[in-house]
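S.K.: Dropping in work_30.txt, which is compact mmCIF, C-alpha atoms:
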```txt
# COMPACT_ATOMS: atom_id res chain seq x y z
CA MET S 1 0.00 0.00 0.00
CA SER S 2 1.35 3.44 -0.86
CA LYS S 3 2.01 5.82 1.99
CA THR S 4 -0.38 8.45 0.63
CA LYS S 5 -3.20 5.93 0.44
CA TYR S 6 -2.46 4.75 3.98
CA ILE S 7 -2.55 8.28 5.39
CA ALA S 8 -5.77 9.06 3.52
CA ILE S 9 -7.48 5.88 4.76
CA CYS S 10 -6.43 6.58 8.36
CA GLY S 11 -7.74 10.14 8.09
CA VAL S 12 -11.10 9.00 6.73
CA LEU S 13 -11.40 6.35 9.45
CA THR S 14 -10.55 8.89 12.17
CA ALA S 15 -13.16 11.28 10.81
CA ALA S 16 -15.78 8.52 10.69
CA ALA S 17 -14.96 7.47 14.26
CA ILE S 18 -15.25 11.09 15.48
CA VAL S 19 -18.64 11.47 13.79
CA LEU S 20 -19.93 8.23 15.33
CA HIS S 21 -18.60 9.25 18.76
CA ILE S 22 -20.29 12.66 18.63
CA ILE S 23 -23.58 11.31 17.24
CA GLU S 24 -23.68 8.83 20.08
CA ALA S 25 -23.01 11.55 22.65
CA MET S 26 -25.94 13.55 21.18
CA LEU S 27 -28.42 10.65 21.27
CA PRO S 28 -30.56 10.50 24.41
CA ASN S 29 -29.64 7.62 26.70
CA PRO S 30 -32.33 4.91 26.45
CA LEU S 31 -31.58 3.70 29.99
CA PRO S 32 -31.29 5.97 33.02
CA ILE S 33 -27.95 4.34 33.87
CA PRO S 34 -24.81 6.41 33.35
CA GLY S 35 -22.08 4.58 31.47
CA VAL S 36 -24.42 2.33 29.50
CA LYS S 37 -24.06 3.11 25.80
CA LEU S 38 -23.72 1.46 22.43
CA GLY S 39 -20.11 2.28 21.60
CA LEU S 40 -20.63 3.04 17.91
CA ALA S 41 -17.08 4.35 17.44
CA ASN S 42 -15.94 0.87 18.41
CA ILE S 43 -17.05 -0.27 14.94
CA ILE S 44 -14.19 1.70 13.36
CA THR S 45 -11.63 0.49 15.93
CA LEU S 46 -12.54 -3.15 15.39
CA TRP S 47 -12.58 -2.79 11.59
CA CYS S 48 -9.15 -1.23 11.83
CA ILE S 49 -7.84 -4.12 13.98
CA TYR S 50 -9.09 -6.58 11.36
CA GLN S 51 -7.83 -4.74 8.30
CA LEU S 52 -4.91 -2.50 9.26
CA GLY S 53 -3.42 -3.83 12.52
CA LEU S 54 -2.54 -2.57 15.98
CA LYS S 55 -0.72 0.70 15.33
CA PRO S 56 -3.36 2.51 13.24
CA ALA S 57 -6.11 1.15 15.53
CA PHE S 58 -4.33 2.66 18.55
CA THR S 59 -3.69 6.00 16.83
CA ILE S 60 -7.25 6.30 15.56
CA THR S 61 -8.72 5.46 18.98
CA VAL S 62 -6.58 8.05 20.79
CA LEU S 63 -7.14 10.75 18.15
CA ARG S 64 -10.87 10.03 18.06
CA THR S 65 -11.33 10.43 21.83
CA ILE S 66 -9.23 13.62 22.00
CA VAL S 67 -10.83 15.38 19.01
CA SER S 68 -14.38 14.34 20.02
CA ALA S 69 -13.76 15.59 23.55
CA LEU S 70 -12.53 18.93 22.18
CA LEU S 71 -15.62 19.22 19.96
CA LEU S 72 -18.01 18.19 22.74
CA GLY S 73 -16.32 20.40 25.32
CA THR S 74 -15.44 17.58 27.67
CA PHE S 75 -11.67 17.62 27.17
CA LEU S 76 -9.75 16.58 30.34
CA SER S 77 -13.01 16.10 32.25
CA MET S 78 -13.97 12.93 34.09
CA ASN S 79 -15.89 11.80 31.00
CA PHE S 80 -12.81 12.24 28.87
CA LEU S 81 -10.57 10.29 31.24
CA MET S 82 -13.03 7.40 31.31
CA SER S 83 -13.52 7.56 27.56
CA ILE S 84 -9.83 7.51 26.63
CA SER S 85 -8.82 4.82 29.12
CA GLY S 86 -11.81 2.69 28.15
CA GLY S 87 -10.98 3.18 24.48
CA ILE S 88 -7.32 2.19 24.82
CA VAL S 89 -7.97 -0.80 27.09
CA SER S 90 -10.79 -2.17 24.96
CA MET S 91 -8.70 -1.68 21.81
CA LEU S 92 -5.84 -3.71 23.31
CA VAL S 93 -8.21 -6.43 24.58
CA MET S 94 -9.89 -6.70 21.18
CA TYR S 95 -6.53 -6.91 19.44
CA LEU S 96 -5.38 -9.71 21.76
CA ALA S 97 -8.72 -11.51 21.31
CA TYR S 98 -8.40 -11.14 17.53
CA ARG S 99 -4.90 -12.65 17.59
CA LEU S 100 -5.58 -15.41 20.15
CA LEU S 101 -9.21 -16.46 19.57
CA ARG S 102 -8.96 -17.36 15.90
CA LYS S 103 -12.43 -18.88 15.77
CA ALA S 104 -14.27 -15.98 17.37
CA SER S 105 -16.33 -13.77 15.08
CA PRO S 106 -16.36 -9.94 15.31
CA ILE S 107 -19.42 -10.29 17.57
CA GLY S 108 -17.54 -12.13 20.32
CA ILE S 109 -14.52 -9.85 20.05
CA SER S 110 -16.78 -6.80 20.19
CA ILE S 111 -18.45 -8.12 23.37
CA LEU S 112 -15.02 -8.50 24.98
CA GLY S 113 -14.20 -4.95 23.89
CA ALA S 114 -17.41 -3.56 25.38
CA ALA S 115 -16.91 -5.42 28.68
CA SER S 116 -13.27 -4.32 29.01
CA HIS S 117 -14.23 -0.75 28.11
CA ASN S 118 -16.73 -0.70 30.98
CA MET S 119 -14.20 -2.34 33.30
CA ALA S 120 -11.56 0.31 32.56
CA GLN S 121 -14.12 3.08 33.02
CA LEU S 122 -15.02 1.71 36.43
CA ALA S 123 -11.35 1.45 37.41
CA VAL S 124 -10.77 5.10 36.47
CA ALA S 125 -13.91 6.18 38.30
CA ALA S 126 -12.78 4.25 41.38
CA LEU S 127 -9.37 5.96 41.26
CA VAL S 128 -10.80 9.44 40.73
CA ILE S 129 -13.45 9.33 43.45
CA ASP S 130 -11.25 7.13 45.67
CA GLN S 131 -14.04 4.64 46.38
CA ILE S 132 -13.71 0.94 45.62
CA ALA S 133 -17.46 0.60 46.27
CA ILE S 134 -18.19 1.76 42.71
CA PHE S 135 -17.40 -1.79 41.57
CA TYR S 136 -20.89 -2.64 42.83
CA TYR S 137 -21.78 -1.34 39.40
CA LEU S 138 -19.82 -4.05 37.57
CA PRO S 139 -22.64 -6.62 37.05
CA ILE S 140 -24.93 -4.01 35.46
CA LEU S 141 -22.21 -2.79 33.11
CA PHE S 142 -21.15 -6.32 32.14
CA VAL S 143 -24.70 -7.33 31.30
CA ALA S 144 -25.16 -4.09 29.36
CA ALA S 145 -21.97 -4.87 27.42
CA LEU S 146 -23.66 -7.89 25.83
CA PRO S 147 -26.31 -6.17 23.65
CA ALA S 148 -23.94 -3.28 22.90
CA GLY S 149 -21.19 -5.69 21.85
CA ILE S 150 -23.53 -7.82 19.76
CA ILE S 151 -24.97 -4.81 17.89
CA THR S 152 -21.57 -3.26 17.09
CA GLY S 153 -20.20 -6.73 16.30
CA ILE S 154 -22.91 -7.32 13.70
CA ALA S 155 -22.15 -3.87 12.23
CA VAL S 156 -18.45 -4.77 11.98
CA LYS S 157 -19.31 -8.09 10.34
CA ILE S 158 -21.38 -6.34 7.67
CA LEU S 159 -18.74 -3.64 7.24
CA LEU S 160 -15.97 -6.20 6.77
CA LYS S 161 -17.99 -7.82 4.00
CA ARG S 162 -18.78 -4.53 2.23
CA LEU S 163 -15.54 -2.67 2.87
CA ASN S 164 -12.19 -4.42 3.07
CA LYS S 165 -8.65 -4.27 1.74
CA GLN S 166 -9.62 -5.83 -1.58
CA ILE S 167 -12.46 -3.41 -2.24
CA LEU S 168 -10.31 -0.46 -1.17
CA GLN S 169 -7.48 -1.84 -3.35
CA LEU S 170 -4.93 -1.35 -0.62
CA MET A 1 -21.83 -16.48 15.62
CA SER A 2 -19.27 -19.18 16.30
CA ARG A 3 -18.87 -21.50 19.27
CA GLN A 4 -16.18 -19.23 20.74
CA ASP A 5 -18.64 -16.31 20.63
CA ILE A 6 -21.08 -18.31 22.75
CA TYR A 7 -18.26 -19.08 25.21
CA ILE A 8 -17.39 -15.37 25.40
CA ILE A 9 -21.03 -14.49 26.15
CA ILE A 10 -21.20 -17.19 28.84
CA ILE A 11 -17.93 -15.98 30.44
CA VAL A 12 -19.09 -12.35 30.53
CA LEU A 13 -22.42 -13.39 32.06
CA ALA A 14 -20.61 -15.63 34.56
CA ILE A 15 -18.35 -12.75 35.68
CA ALA A 16 -21.40 -10.51 36.07
CA ALA A 17 -23.21 -13.20 38.08
CA ALA A 18 -20.14 -13.85 40.24
CA ALA A 19 -19.72 -10.14 40.96
CA TRP A 20 -23.42 -9.88 41.73
CA GLY A 21 -23.21 -12.85 44.10
CA PHE A 22 -20.13 -11.46 45.82
CA ILE A 23 -21.84 -8.09 46.30
CA SER A 24 -25.05 -9.52 47.73
CA LEU A 25 -23.05 -11.78 50.07
CA THR A 26 -20.89 -8.96 51.42
CA ALA A 27 -23.66 -6.36 51.52
CA ASP A 28 -25.46 -7.94 54.50
CA GLN A 29 -22.46 -7.94 56.82
CA PRO A 30 -23.11 -6.57 60.32
CA THR A 31 -22.83 -2.83 60.31
CA SER A 32 -19.92 -1.07 61.92
CA ALA A 33 -22.12 1.94 62.52
CA VAL A 34 -22.36 3.45 65.97
CA ALA A 35 -25.00 5.63 67.58
CA ILE A 36 -23.82 8.76 69.32
CA ILE A 37 -26.10 10.05 72.06
CA SER A 38 -25.50 13.52 73.35
CA VAL A 39 -27.23 14.97 76.39
CA ASN A 40 -27.21 18.73 76.80
CA GLY A 41 -24.44 19.00 74.20
CA ARG A 42 -22.21 16.45 75.94
CA GLN A 43 -21.48 13.23 73.99
CA LEU A 44 -21.85 9.86 75.72
CA ASP A 45 -19.84 6.80 74.67
CA PRO A 46 -20.73 5.54 71.18
CA ILE A 47 -23.11 2.56 71.13
CA SER A 48 -22.62 -0.24 68.61
CA LEU A 49 -25.70 -1.04 66.55
CA ASN A 50 -24.76 -4.72 66.23
CA ALA A 51 -25.84 -5.88 69.69
CA ASP A 52 -29.53 -5.59 70.53
CA GLN A 53 -30.03 -3.82 73.87
CA THR A 54 -32.09 -1.29 75.74
CA LEU A 55 -30.50 1.35 77.90
CA GLN A 56 -31.44 4.28 80.08
CA VAL A 57 -30.32 7.81 79.31
CA ASP A 58 -30.78 10.57 81.83
CA GLY A 59 -32.21 13.63 80.12
CA ALA A 60 -33.08 17.05 81.43
CA LEU A 61 -36.62 15.99 82.43
CA GLY A 62 -35.96 12.41 83.48
CA ALA A 63 -34.81 8.97 82.37
CA CYS A 64 -35.46 7.93 78.75
CA THR A 65 -35.31 4.40 77.31
CA VAL A 66 -33.32 3.86 74.11
CA GLU A 67 -33.60 0.59 72.18
CA VAL A 68 -31.07 -0.89 69.74
CA LYS A 69 -32.46 -3.59 67.45
CA ASP A 70 -31.42 -5.05 64.06
CA GLY A 71 -28.75 -2.44 63.38
CA ALA A 72 -31.07 0.49 64.12
CA ILE A 73 -31.79 2.64 67.16
CA ARG A 74 -34.92 4.34 68.47
CA MET A 75 -36.20 6.22 71.46
CA LEU A 76 -38.52 3.69 73.04
CA GLU A 77 -39.86 5.85 75.82
CA ALA A 78 -39.18 9.40 76.85
CA ASP A 79 -40.36 11.64 79.60
CA CYS A 80 -41.42 14.54 77.44
CA PRO A 81 -44.79 16.12 76.57
CA ASP A 82 -45.00 15.74 72.80
CA LYS A 83 -43.11 12.43 72.17
CA ILE A 84 -41.63 13.61 68.88
CA CYS A 85 -38.47 11.63 69.66
CA SER A 86 -40.19 8.28 70.09
CA LYS A 87 -42.46 8.92 67.10
CA THR A 88 -39.34 9.30 64.92
CA GLY A 89 -38.92 5.53 65.09
CA PHE A 90 -35.81 3.58 64.17
CA ILE A 91 -32.86 5.27 62.49
CA SER A 92 -29.84 3.57 60.93
CA GLN A 93 -28.32 5.97 58.37
CA SER A 94 -25.89 8.77 59.17
CA THR A 95 -28.24 11.24 57.47
CA GLN A 96 -30.89 10.58 60.14
CA SER A 97 -31.17 11.76 63.72
CA ILE A 98 -33.50 11.65 66.69
CA ALA A 99 -33.96 14.75 68.78
CA CYS A 100 -35.76 15.14 72.08
CA VAL A 101 -35.69 18.86 72.69
CA PRO A 102 -37.32 18.94 76.14
CA ASN A 103 -34.81 16.34 77.39
CA LYS A 104 -31.90 17.94 75.45
CA ILE A 105 -31.06 14.53 73.96
CA VAL A 106 -29.84 14.11 70.35
CA ILE A 107 -29.07 10.70 68.79
CA THR A 108 -27.06 10.56 65.57
CA ILE A 109 -25.45 7.73 63.59
CA SER A 110 -21.78 7.79 62.66
CA ASN A 111 -20.44 5.73 59.80
CA HIS A 112 -20.05 6.47 56.13
CA THR A 113 -19.59 2.96 54.79
CA THR A 114 -23.00 1.60 55.74
CA ASP A 115 -25.01 4.30 54.03
CA LYS A 116 -26.91 2.77 51.19
CA GLU A 117 -28.67 5.87 49.96
CA ILE A 118 -27.30 7.50 46.83
CA ASP A 119 -25.50 10.80 47.34
CA TYR A 120 -25.22 11.77 43.71
CA ILE A 121 -25.11 10.30 40.22
CA LEU A 122 -22.05 11.08 38.16
CA ARG A 123 -22.33 11.05 34.40
```
Would you write the structure of this file as structure tokens?
M.R.:
Amino acid sequence: MSKTKYIAICGVLTAAAIVLHIIEAMLPNPLPIPGVKLGLANIITLWCIYQLGLKPAFTITVLRTIVSALLLGTFLSMNFLMSISGGIVSMLVMYLAYRLLRKASPIGISILGAASHNMAQLAVAALVIDQIAIFYYLPILFVAALPAGIITGIAVKILLKRLNKQILQL
Amino acid sequence: MSRQDIYIIIIVLAIAAAAWGFISLTADQPTSAVAIISVNGRQLDPISLNADQTLQVDGALGACTVEVKDGAIRMLEADCPDKICSKTGFISQSTQSIACVPNKIVITISNHTTDKEIDYILR
């Protein structure tokens, strides 16, 4: 793949991830539970892990959280800290799952990503408010990770079929 | 969905169930909360809410009976005209208190870890 094409693809993916992140932040929360969300931007991260590898997936995740936070006005807030740590941890977990669990489909890997995202968020929240008791919240967030992971996993599955290295002629 | 996906779902559910079980097992531990009774502004020794007991407290008008039961405390009987203190009933959270103004008795609870009521929601 030529370097120009690579840079252009990464830029487009970052832009798409930012748009998904901001759209999700604008949508009203269907459940009155803070922290429970779909994780639409995860679609881009997982696609990137499948098609481009670890390094661009990491860069796009970090850039996406920082730029979205700047646009939403939450930069360096509690939300931002939870978002960026959750994003990085879930990206690493999904990459490991992709390398180790060869038979798992994007749906299973996406569920692991959602669960580890919630776990990292809780860990940051526990550190910031200095209360281990917030882990009482873990069962709710783990159960909520299932539908979120399945929905984004199905989206990644469709996306991988419609948009991959061959179609992009990378 | 492959077989490994099903395993992943089962593992995530199992962790959630295990955490839930651990929480409900540890949540009903005996409280370490104590009741602090003060008479005329002077604090008496803290009373543990774990052991059920009744005790006498000398107020400004006369002796009052305080009862500790099931991790909560109440003013069972008081020598006062309006009985607001005994009508308050049992208290167990540090946000609650019992006051008997004629007897100059105030009962409060001290402990932050046993409070189950939500202070705030962060989002």
S.K.: In Å to one decimal, how far is CA of Ile111 (chain S) from CA of Ala16 (chain S)?
M.R.: 21.1 Å
S.K.: Please identify every residue of chain S that has at least one atom no farther than 7 Å from an atom of chain A, counting only C-alpha atoms, and for each give the shortest atom pair and the distance in Å to one decimal, arranged by chain then increasing number, as a tab-separated table.
M.R.:
```
residue	atom	partner	partner_atom	distance
S:Pro34	CA	A:Arg123	CA	5.4
S:Lys103	CA	A:Gln4	CA	6.2
S:Ala104	CA	A:Gln4	CA	5.1
S:Ser105	CA	A:Met1	CA	6.2
S:Ile107	CA	A:Asp5	CA	6.8
S:Gly108	CA	A:Asp5	CA	4.3
S:Tyr136	CA	A:Ile23	CA	6.5
S:Leu138	CA	A:Ala16	CA	6.8
S:Pro139	CA	A:Ala16	CA	4.2
S:Phe142	CA	A:Ala16	CA	5.8
S:Val143	CA	A:Leu13	CA	6.5
```
S.K.: Can you list, as number ranges by chain, every protein, DNA or RNA residue that comes within 6 Å of region 75-92 of chain A when you count only C-alpha atoms, leaving out same-chain residues fewer than 3 positions away?
M.R.: A: 62, 64-67, 72, 98-100
S.K.: For a test of reading the model, state the distance in Å between CA of Ile10 (chain A) and CA of Ile44 (chain S), rounded to one decimal.
M.R.: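 Spanning CA of Ile10 (chain A) to CA of Ile44 (chain S) is a straight-line distance of 25.4 Å.
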S.K.: Would you please work out which residue, of S:Leu46, S:Arg162, S:Val67, S:Leu81, is nearest to Leu122 (chain S) when using only C-alpha atoms?
M.R.: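 Distance minimum relative to Leu122 (chain S) lands on S:Leu81.
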